[in-house]
Structures are given as structure tokens and as C-alpha cells.
Amino acid sequence: MDSAKLNRRNFLKLGSAAAGASTLSSSRLVAMEQEQGGKDYSAVSGAEREAVPYTCMTCNIEDGGVAYVENGRVVKLEGNMDHPNTRGKLCAKGNSGFLHIYDPDRIMTPLLRTGKRGEGKWKRISYDEATTLLAEKLRVVIDRAKAEHKPEVLNEMVFKWGRDRTGGAVKRFMHALGSNAMLNHTNICESSKKVGLEPTWGPDIESCDWANTKYILNFGSNILETAYFMNPNAQRCVDGVVGNKAKIVTFDVRMSNSAGWSDEWFAPFPGTDVAIALAMAHVIMNEGLADEQFIADWTNVEVQQLKDHLKPYTPEFAEQESGMKASDIRRIAREFATTKPATTFSYRGPCKHVYGAYQEAAINMLNVITGNIEVKGGYCLPRGMGWPQPEPVPPAGATASEIAAPPEYPLASHAVSTHAPYMIRKGRAKVAVWMHYYDNPVYTYPSSHVWEDLLKDEQAVPFLVSFSPYMSETTELSDLIIPDVTYLERHDPESMPSGLYPCLSIRQPVIKPLGGTQEFRQTLIDVIRKVDPDGSLGIKQYFAFKDSEAWMRAHLDNIPGLKEAGGWDYMKKKGVWPIYGKVDPVTAKIVDKNGNEVDPGYGLYKGELSAAEMASAVVGDDNLIRKDGHAIGVHVRGKNYKGFGGETPKINLYKESYKKYGFNPLPVYKRLHARDKKANELVLTTYKVNVHTQSRTASVKYLAELYHKNPAWMNPKTAGARGIKDGDLIRVSSSLGYIVTRAHVTEGIHPDVVAISTACGHSAYGRLAQLKQQEADADWMLGGDPDISNNVWWNDKGVHPNPIIKLAVDPIGGSQGWYDTVVTVEKAQPGDKYGDVKASVEESMKDYEETLRYAYVGDLHRANHKEVDIDWDSLPKPTVHGGGH
């Protein structure tokens, strides 16, 4: 109805119609109240809306969802009640996800640059033209590699992603082309956590049984609101704290929502979590509180060996380094060890420092020495499921890529992508075609100005391709844009170990891709067929799929169990498999048809080896079971168990791989340079918020309205000493340059720290993110959202801190040291304006050289690890990682 004609008579008619619909549908409304999701009805017609299951992708946890479609438009999203780990719930980002589809600044057609890079001049072209052009550029590289008999030339085709949830599609594409030059974003995310855990027990993360625990030590994780934990882990953490009366103790430099919700919050000096954890381990081991039988049976260390190693790490030592009282460290260590079951959890806070892998290993050790591994309420292995790759699978490229895996970091199994622009500038890597997907390093990386400088350089990067549906800070520098669709319009297999019930889920188009846009998976098929039209290169065979849905069938139709249930057709209807039961409306637990809770199973490492597996196997003095030269299990009290999946089937608290490269095989505390800062200096830390994900949500109005400015948190004591009041304009300076922002003075932060969220401060990513929402639509945009054009009440877009954050890398795990930048903070100087940013590429290049000094071949490595008992001259020489990266 035309709003101009909504007079009193029409209003009364509408009211009568609504009343009638209410009367007629009362039975349906009662039914709705008795159901926990799964159905939804039109507010206008009363008709039941089409419900289509999908898997969320607003962050990396991949919650199960249901989209409700009315007249071909997504009108509502909610959680999928059949998904066992998210139990019918979505967070704010997930509920707002449909707005990604209807973003007025969404790119609706492929674009070819016509002006200078970054000038914003584009020519609209078709998907056929775009994929043909990309195929031609790739074929030139392939032909040159063949003509010169140099397979390493193929690695000049580079693919970088920020979030690859394609189920292997990107790797298939690059390996089919013969390139191993793939870069992820994991070293700016959590790679040192992964490398702290993988050699220990195999998986790169834990799955805490929050709901059944009695005690939680939370090191540097904002469980209740960060992108990775807010829904499934936060649900179970609340279950444990509220329903099971678990105690939670948080260590964080800032009072996050999780810290404020905890029973106790401690704010240690940044990077000293490891000193606290080792001191707690010292108390537990020396006061007879450890589970010595578990240590003897299941680890590769002896009790006395641990006591000797931990001897220097007294609570008094930890107090000196961290600022946390020794008495509190002792008390909490005793509580943790004597309260069963218990678990730790940790994330970016400890691991995003130089030597972050040691921090993660030390925290992990607390669970091991107390025997809280794989028990109900304890620290459990993650549960995930795999799926087959369609045959034939292309082999990895013939030569390794140095840019994908810098050889100075042999333990960094998730690579070191932060080094890429520096390596290209130094001539260590060449690029012919650079492709990027779900990636925005010009915004998201430390010293982000270095990425902008590189990607603007047409000599260094001759051809730059983006698959983004949004004009991000990186996409706007591209030569060619082949826009993907949103996650609600695409196909992917998925299995995220976000809880204790392993399951597979899918993404599928809940509506037809808007405006004739094309999903990335189809773009890959088209490009490969044009690179190798007649199959003579042997590439085309790997993409012999009719379309994206046929590709999904190849993944899912032949998985045992799922095949019998209906394979891909079943997944299209349910969205997830297996379905373990129903969500109890009172307890919110997964229950079977009899109302009994479904046991997820514990003690996964105690799967027994079969007689066939034990045939010709030998049990060694260390109780490891070896066969054909490989350790396949652990012999414990007369039984032969499969054990864990790390360096050996035991829990490897002592890591031989670390020692091989001169790092301490047991976790140690390394005093970081920030600990020795000057009195007038502070440590800059960043943080995430519950309604934003990296750079990808600033254009979502519901979320931007909730959070759109990011002032710098400062302690009152710190601010007062500088004459700074709440709301004042301030200059935050590092050795790279400065930003001008505003102060938020609060008791909820360590006095030596200044904290700035990374959720705000865009120079691109659409008009809303830049507060240019009243500018006219470009001809390539979706356009047409008056709510954004005329209903934005805020006038602050925030200031992004990344340009002044220094490059600093953990030499073990490869993580960026996000929380190691030392800064000064002062009142703004004359002429400073809110939002000013100044940063030096030349100074950032010095940081690259400095961080290499910490690598295992660097001069500072030996100086920092004098305690390691090895022949230093025997360290392996740097070699490029294998082709699988």
C-alpha cells in the first residue's frame, strides 16, 4: 500500500484484516509457540514462508541456520534446531547476515579497471569476458613455464585468501594450475595457538566441555563475544557457569564482556600469561596436586623432569613479571587442580605475541598435568568430520613456493603471510597474477600501509584480481573484479568442530544469486575450462563438473551413512548430518527420543588397536607401539591404545620438533621487549567486538548502528598523568607513525596498556562504512536502500589502528605479535584532526629485517635460547616448505 494513501480509513481496514488473520490463524500461532523454530509465517499474508537450511559464514564458526524466504527475498534468518552444536541459535552477526545480500554497495557485475589503480574508474563486463581475461593471463604464465622449462614460474600465480571455507576448491584450482603459491591469513589470526597444540596432541584447537565443567581458567579469550566463540562456545560456557555453577577466572589486559562476567578478573602485563601458567604448574607439581599416573601413562615426560624444568617459575617470579600477586597464583592453581573436572581456554591474548607458541603450550600443560584431558567437563579433543575430494585430485605443484612458506619458519605449519609484501619488495618472490578472495590485507594486516603500497605497484604486481562482492580497501586496487555471491547464495561443504558432536553441514543458495551474479565455484570451473579448453594441458579433467551442485554431489553422495540417508539431497533438506536428537526445551541439551541426553563420548584417545593393527608391532621401553618404523599407539596397563595424533601417540609436552630448530622443547617464558618499555610508553593492544567480523561487517547497517566508533581505552591513572580526559582527541604514536583518535577513560584496562578495536575506520567497503551514504549509486552497485541513505544518525566511523602496528612474528608458530607494539599517547597536537593517519613504509621494512633476527637462523635466536642443549652448528639449513602449502 502506498504510504501516501495510508489514511484513517485504510488504516482501519488494515487493522481489521490483521485482526481477522489473527483470528483465523490462532491454531497456527499456538503451534508456533509449541515449536522451537523451523517454521515462520508472513506478517502480511499469513502464509508459511519457505524454509531453507544453510551454514552461516559471518564468522569462522559456521553455525547452522535456516533462511526464511518470501516472494523470492530472504526476510529472516534463525538457527537450525537440528544442528547439534549451535542448537537453533544465531548471534547478532548471524541474524543480520541477510543484509549482505541486499547491501546497496554490493558489486553486481564483473569490472575491469580503466583508470589508475585505486582511482575508482571501471568498465562493466560480463562474467564470460572476465573469466576469459583471467584465463588468458594464467595461460601466459603456464606457457612461459613450459617454454623456459621452469616449473617454478608457475608459482608466480599467487592466490591469497582471508577466509577459505570452500571445502578445498581453492587448493584444487591452484594445484590444477601447478602453483603452490597460496597464502592464508592464519598468522594474523591464531597460528601460534595451532603450533603450540599440533605437535602436542595432533589437532590445532581444543573443544572444552564447558557445560559440564566446574572450573574454567580463561587466558586472553573473550568467549562471550568474539567472532569465533560467541554462539556455540558461549552457549555452553553459560550452561556451565549458570547451570553447573562453574567458576570462571579470566586473565586479560582489558575488561572484556567475558572478563566482567567472570568470578575473578586479573589484568597481567601483556605477554606474561606464560609466566602465570608455568607458575601454576610449578605449584601443582610441587604440592602433590598433579595426576602423576596420567603423566606417566600418557605423556613423554617424567614427573621429576617437569619439576626440574618448572623450578625457576615460582609464583614470586610470575608476580614480578606479570604483576599478578603470588598469593593469587598459588590459590587459583590449587583451586584448579583440586576442582574436578576443570579446563583452561585460551586464544589470541596469549598466542598473538612473539613466542606465542610457548604461551599456548604452557596453558595446555595445565590440563595435562591435572588429568583433565578428554573427560566429561574437561579439555577435550575437537570433533570434526571430513568429506572426500572428487577424483581425480590434482597433485601439488612441482616446486615449493617461498612466498607461501618462508623457509626461516620451518615450524610455522600455517605459514607467515605477513611477510609476503616484504619478500616481494626484497626480490625474494615474483608475481605475475595475484588473486585474492575473502581477503582485505590493506585493512586487516599489521602495517597495512605496506600492502597498499605493494598492491598499487604495477611493476611488483602486474595483474591483480579480486573475487569480492564488496569494494574493500584491497578490491578497489584491483585490475579485474569477478564478484562472488554472498554466503547465502553459494555451495560449500562444511564441518566446524565447534562442539562435542561431530557433524557435516552445507551452504546452499537459499535464493537464486541476485541479479545474475555467479558464485566463485562456478567461476573456477569456467576459468579452468578456458585455460585448458581441449584438455591438452591435463588441467580440465579436475573440473569436469556440470555445475556447482554437481561438485557438491561429488563431495557428499558417497559418504557412508550419509549416502544411505540420501546424500546431497538429504543435506539440502536438513542442512546438517547426523542429527543426534532434539533440543530439550527446558535444559537446552541434545536428547534422544526418550528424553535422555545424548552422550557425545569421551576418552577418544582410548580407541584400541585391532589384532590386525598389532600384527608385527613392537612395544618399546617408552610404551610406544611401533610398526614398520612408525609409532602407531601407546601400551598402557595391558591394553593397546591408538592415543593422540601429535609427534607421537602420547601427549608431547616435550616437543622434539622445537628442539630440532633450537627452541626449547618444553614451554618457557621469554621476556618480551615491551616488558622493558620506558615509563612514558604504553603497549598497544587491539580487540574484537561481538557485532563485527574483521573487515566484513561495517557495511551491515544493523551492526554498524550498534558499534561504529572505537575510541582508545586508557586507565584513569594513565590518562591523568598525560592530562587526558574522556573524549579528548589524542595522538597515538609508534615508530611507524601515528593516528589521531579519541580517548575512552576506564578502570577496565591495565595502566600500561592502550586498547583500540579493529572493527572500525574504513576508507572503503561501501558508503555506509565511510559515512558517505548519501552519495549517488555507481552503475555497478545494487543500489536502492533508503534506510541507509536517509536513516543513519551517527557521524563517527572510527579510526583504524593497523597502520601503526609493527610487524613482529613468533619465530615458532609464525603468529603476528599484535600485542607487542610500544607506543606513546599524548593529547592531540595543533593541527591534528580526528582520523588522521600517518605511517612510513620505510620504517616498516626495518621491522621485517628485525623480525627475521628472531627466526631460527637469525642472530637473536641463539642469544634468546642459550638454555637449549643442542649443537647449534648442526641446525638444519633453511629449506622451502613442501608443495602442499
# chains A, B, ... in the order shown; residues from 1 in each chain; ligands from 1
call {"tool": "select_by_dssp", "arguments": {"residues": "segment 353-582 of chain A", "states": "alpha helix (DSSP H)", "output": "MDAnalysis selection string"}}
result
chainID A and resid 356:369 420:425 441:444 448:455 520:531 548:556 562:565 567:574
call {"tool": "closest_atom_pairs", "arguments": {"of": "segment 625-712 of chain A", "to": "segment 609-615 of chain A", "cutoff": "6 Å", "atoms": "only C-alpha atoms", "output": "tab-separated table"}}
result
residue	atom	partner	partner_atom	distance
A:Asn640	CA	A:Leu609	CA	5.7
A:Tyr641	CA	A:Leu609	CA	5.7
A:Lys642	CA	A:Leu609	CA	5.9
call {"tool": "closest_residue", "arguments": {"among": "A:Leu875, A:Leu197, A:Cys237, A:Ile107", "to": "Arg862 of chain A", "atoms": "only C-alpha atoms"}}
result
A:Leu875
call {"tool": "closest_atom_pairs", "arguments": {"of": "segment 150-217 of chain A", "to": "segment 460-468 of chain A", "cutoff": "12 Å", "atoms": "only C-alpha atoms", "output": "JSON lines"}}
result
{"residue": "A:Glu156", "atom": "CA", "partner": "A:Val461", "partner_atom": "CA", "distance": 9.9}
{"residue": "A:Met157", "atom": "CA", "partner": "A:Phe463", "partner_atom": "CA", "distance": 9.8}
{"residue": "A:Val158", "atom": "CA", "partner": "A:Leu464", "partner_atom": "CA", "distance": 9.7}
{"residue": "A:Phe159", "atom": "CA", "partner": "A:Val465", "partner_atom": "CA", "distance": 9.4}
{"residue": "A:Lys160", "atom": "CA", "partner": "A:Ser466", "partner_atom": "CA", "distance": 9.9}
{"residue": "A:Trp161", "atom": "CA", "partner": "A:Phe467", "partner_atom": "CA", "distance": 10.0}
{"residue": "A:Gly162", "atom": "CA", "partner": "A:Ser468", "partner_atom": "CA", "distance": 11.1}
{"residue": "A:Arg163", "atom": "CA", "partner": "A:Ser468", "partner_atom": "CA", "distance": 11.6}
{"residue": "A:Val170", "atom": "CA", "partner": "A:Phe467", "partner_atom": "CA", "distance": 12.0}
call {"tool": "write_last_selection", "arguments": {"atoms": "C-alpha atoms", "output": "PDB file, in the first residue's frame"}}
result
ATOM      1  CA  GLU A 156      54.069 -16.595  -9.956  1.00  0.00           C
ATOM      2  CA  MET A 157      50.348 -17.305  -9.971  1.00  0.00           C
ATOM      3  CA  VAL A 158      49.539 -16.342  -6.381  1.00  0.00           C
ATOM      4  CA  PHE A 159      46.271 -16.850  -4.543  1.00  0.00           C
ATOM      5  CA  LYS A 160      45.643 -15.232  -1.164  1.00  0.00           C
ATOM      6  CA  TRP A 161      42.566 -15.792   0.941  1.00  0.00           C
ATOM      7  CA  GLY A 162      41.390 -14.401   4.218  1.00  0.00           C
ATOM      8  CA  ARG A 163      38.666 -16.975   4.777  1.00  0.00           C
ATOM      9  CA  VAL A 170      40.880 -23.069  -3.914  1.00  0.00           C
TER      10      VAL A 170
END
call {"tool": "residues_around", "arguments": {"residues": "Thr523 of chain A", "least_positions_apart": "4", "cutoff": "12 Å", "atoms": "only C-alpha atoms", "output": "short mmCIF file (atom, residue, chain, number, x, y, z; two decimals) with C-alpha atoms, in the first residue's frame"}}
result
data_model
loop_
_atom_site.label_atom_id
_atom_site.label_comp_id
_atom_site.auth_asym_id
_atom_site.auth_seq_id
_atom_site.Cartn_x
_atom_site.Cartn_y
_atom_site.Cartn_z
CA PRO A 110 32.45 -8.03 -13.20
CA SER A 126 30.27 -9.93 -18.43
CA TYR A 127 31.30 -12.99 -16.43
CA ASP A 128 32.25 -14.61 -19.73
CA GLU A 129 34.56 -11.71 -20.60
CA ALA A 130 36.01 -11.62 -17.11
CA THR A 131 36.77 -15.33 -16.87
CA THR A 132 38.22 -15.28 -20.38
CA LEU A 134 41.73 -14.18 -16.26
CA ALA A 135 42.24 -17.47 -18.12
CA ALA A 169 38.09 -25.66 -4.07
CA VAL A 170 40.88 -23.07 -3.91
CA PHE A 173 42.22 -24.75 -8.52
CA SER A 466 39.55 -9.76 -6.74
CA PHE A 467 36.61 -12.13 -6.28
CA ILE A 481 36.88 -7.86 -10.23
CA ILE A 482 34.90 -11.08 -10.73
CA PRO A 483 32.42 -10.75 -7.87
CA ASP A 484 31.42 -13.80 -5.87
CA VAL A 485 27.96 -14.08 -4.36
CA ARG A 490 26.58 -20.36 -2.75
CA THR A 517 25.73 -12.84 -10.17
CA GLN A 518 27.82 -16.00 -10.20
CA GLU A 519 29.27 -17.99 -7.36
CA VAL A 527 38.35 -20.28 -15.80
CA ILE A 528 39.88 -23.76 -15.85
CA ARG A 529 37.90 -24.75 -18.94
CA LYS A 530 39.19 -21.64 -20.71
CA PHE A 543 36.98 -29.58 -13.11
CA ASP A 547 27.92 -27.08 -12.23
CA SER A 548 28.41 -26.23 -8.55
#
call {"tool": "residues_around", "arguments": {"residues": "Pro268 of chain A", "least_positions_apart": "2", "cutoff": "12 Å", "atoms": "only C-alpha atoms", "output": "count of residues only"}}
result
35
call {"tool": "closest_residue", "arguments": {"among": "A:Asn795, A:Asn300, A:Thr344, A:Gln235", "to": "Thr213 of chain A", "atoms": "only C-alpha atoms"}}
result
A:Thr344
call {"tool": "select_by_dssp", "arguments": {"residues": "segment 283-529 of chain A", "states": "strand (DSSP E or B)", "output": "list in words"}}
result
Thr299, Ala342, Thr343, Thr344, Phe345, Ser346, Ile373, Tyr379, Cys380, Val433, Trp434, Met435, His436, Tyr437, Phe463, Leu464, Val465, Ser466, Leu480, Ile481, Asp492, Pro493, Glu494, Leu504, Ser505, Ile506 and Arg507 of chain A
call {"tool": "write_last_selection", "arguments": {"atoms": "C-alpha atoms", "output": "PDB file, in the first residue's frame"}}
result
ATOM      1  CA  THR A 299      52.947 -38.030  28.233  1.00  0.00           C
ATOM      2  CA  ALA A 342      38.222 -28.346  35.083  1.00  0.00           C
ATOM      3  CA  THR A 343      39.505 -26.858  31.861  1.00  0.00           C
ATOM      4  CA  THR A 344      41.501 -23.978  30.500  1.00  0.00           C
ATOM      5  CA  PHE A 345      40.759 -21.992  27.396  1.00  0.00           C
ATOM      6  CA  SER A 346      42.965 -19.548  25.544  1.00  0.00           C
ATOM      7  CA  ILE A 373      42.100 -34.472  29.144  1.00  0.00           C
ATOM      8  CA  TYR A 379      39.669 -30.198  27.991  1.00  0.00           C
ATOM      9  CA  CYS A 380      38.648 -32.304  25.018  1.00  0.00           C
ATOM     10  CA  VAL A 433      48.957 -12.763 -11.358  1.00  0.00           C
ATOM     11  CA  TRP A 434      47.735 -12.079  -7.813  1.00  0.00           C
ATOM     12  CA  MET A 435      44.246 -13.314  -6.911  1.00  0.00           C
ATOM     13  CA  HIS A 436      42.533 -12.625  -3.605  1.00  0.00           C
ATOM     14  CA  TYR A 437      39.368 -13.964  -2.050  1.00  0.00           C
ATOM     15  CA  PHE A 463      47.762  -8.184 -12.632  1.00  0.00           C
ATOM     16  CA  LEU A 464      45.542  -8.067  -9.569  1.00  0.00           C
ATOM     17  CA  VAL A 465      42.228  -9.932  -9.427  1.00  0.00           C
ATOM     18  CA  SER A 466      39.547  -9.765  -6.737  1.00  0.00           C
ATOM     19  CA  LEU A 480      39.781  -7.105 -12.578  1.00  0.00           C
ATOM     20  CA  ILE A 481      36.883  -7.860 -10.231  1.00  0.00           C
ATOM     21  CA  ASP A 492      30.109 -25.362   0.226  1.00  0.00           C
ATOM     22  CA  PRO A 493      30.597 -28.482   2.323  1.00  0.00           C
ATOM     23  CA  GLU A 494      31.399 -27.677   5.938  1.00  0.00           C
ATOM     24  CA  LEU A 504      28.723 -32.199   8.405  1.00  0.00           C
ATOM     25  CA  SER A 505      26.754 -29.218   7.153  1.00  0.00           C
ATOM     26  CA  ILE A 506      26.344 -27.324   3.915  1.00  0.00           C
ATOM     27  CA  ARG A 507      25.923 -23.963   2.379  1.00  0.00           C
TER      28      ARG A 507
END
call {"tool": "closest_atom_pairs", "arguments": {"of": "segment 559-637 of chain A", "to": "segment 55-76 of chain A", "cutoff": "10 Å", "atoms": "only C-alpha atoms", "output": "JSON lines"}}
result
{"residue": "A:Lys574", "atom": "CA", "partner": "A:Val66", "partner_atom": "CA", "distance": 9.4}
{"residue": "A:Gly575", "atom": "CA", "partner": "A:Thr55", "partner_atom": "CA", "distance": 7.4}
{"residue": "A:Val576", "atom": "CA", "partner": "A:Gly64", "partner_atom": "CA", "distance": 7.5}
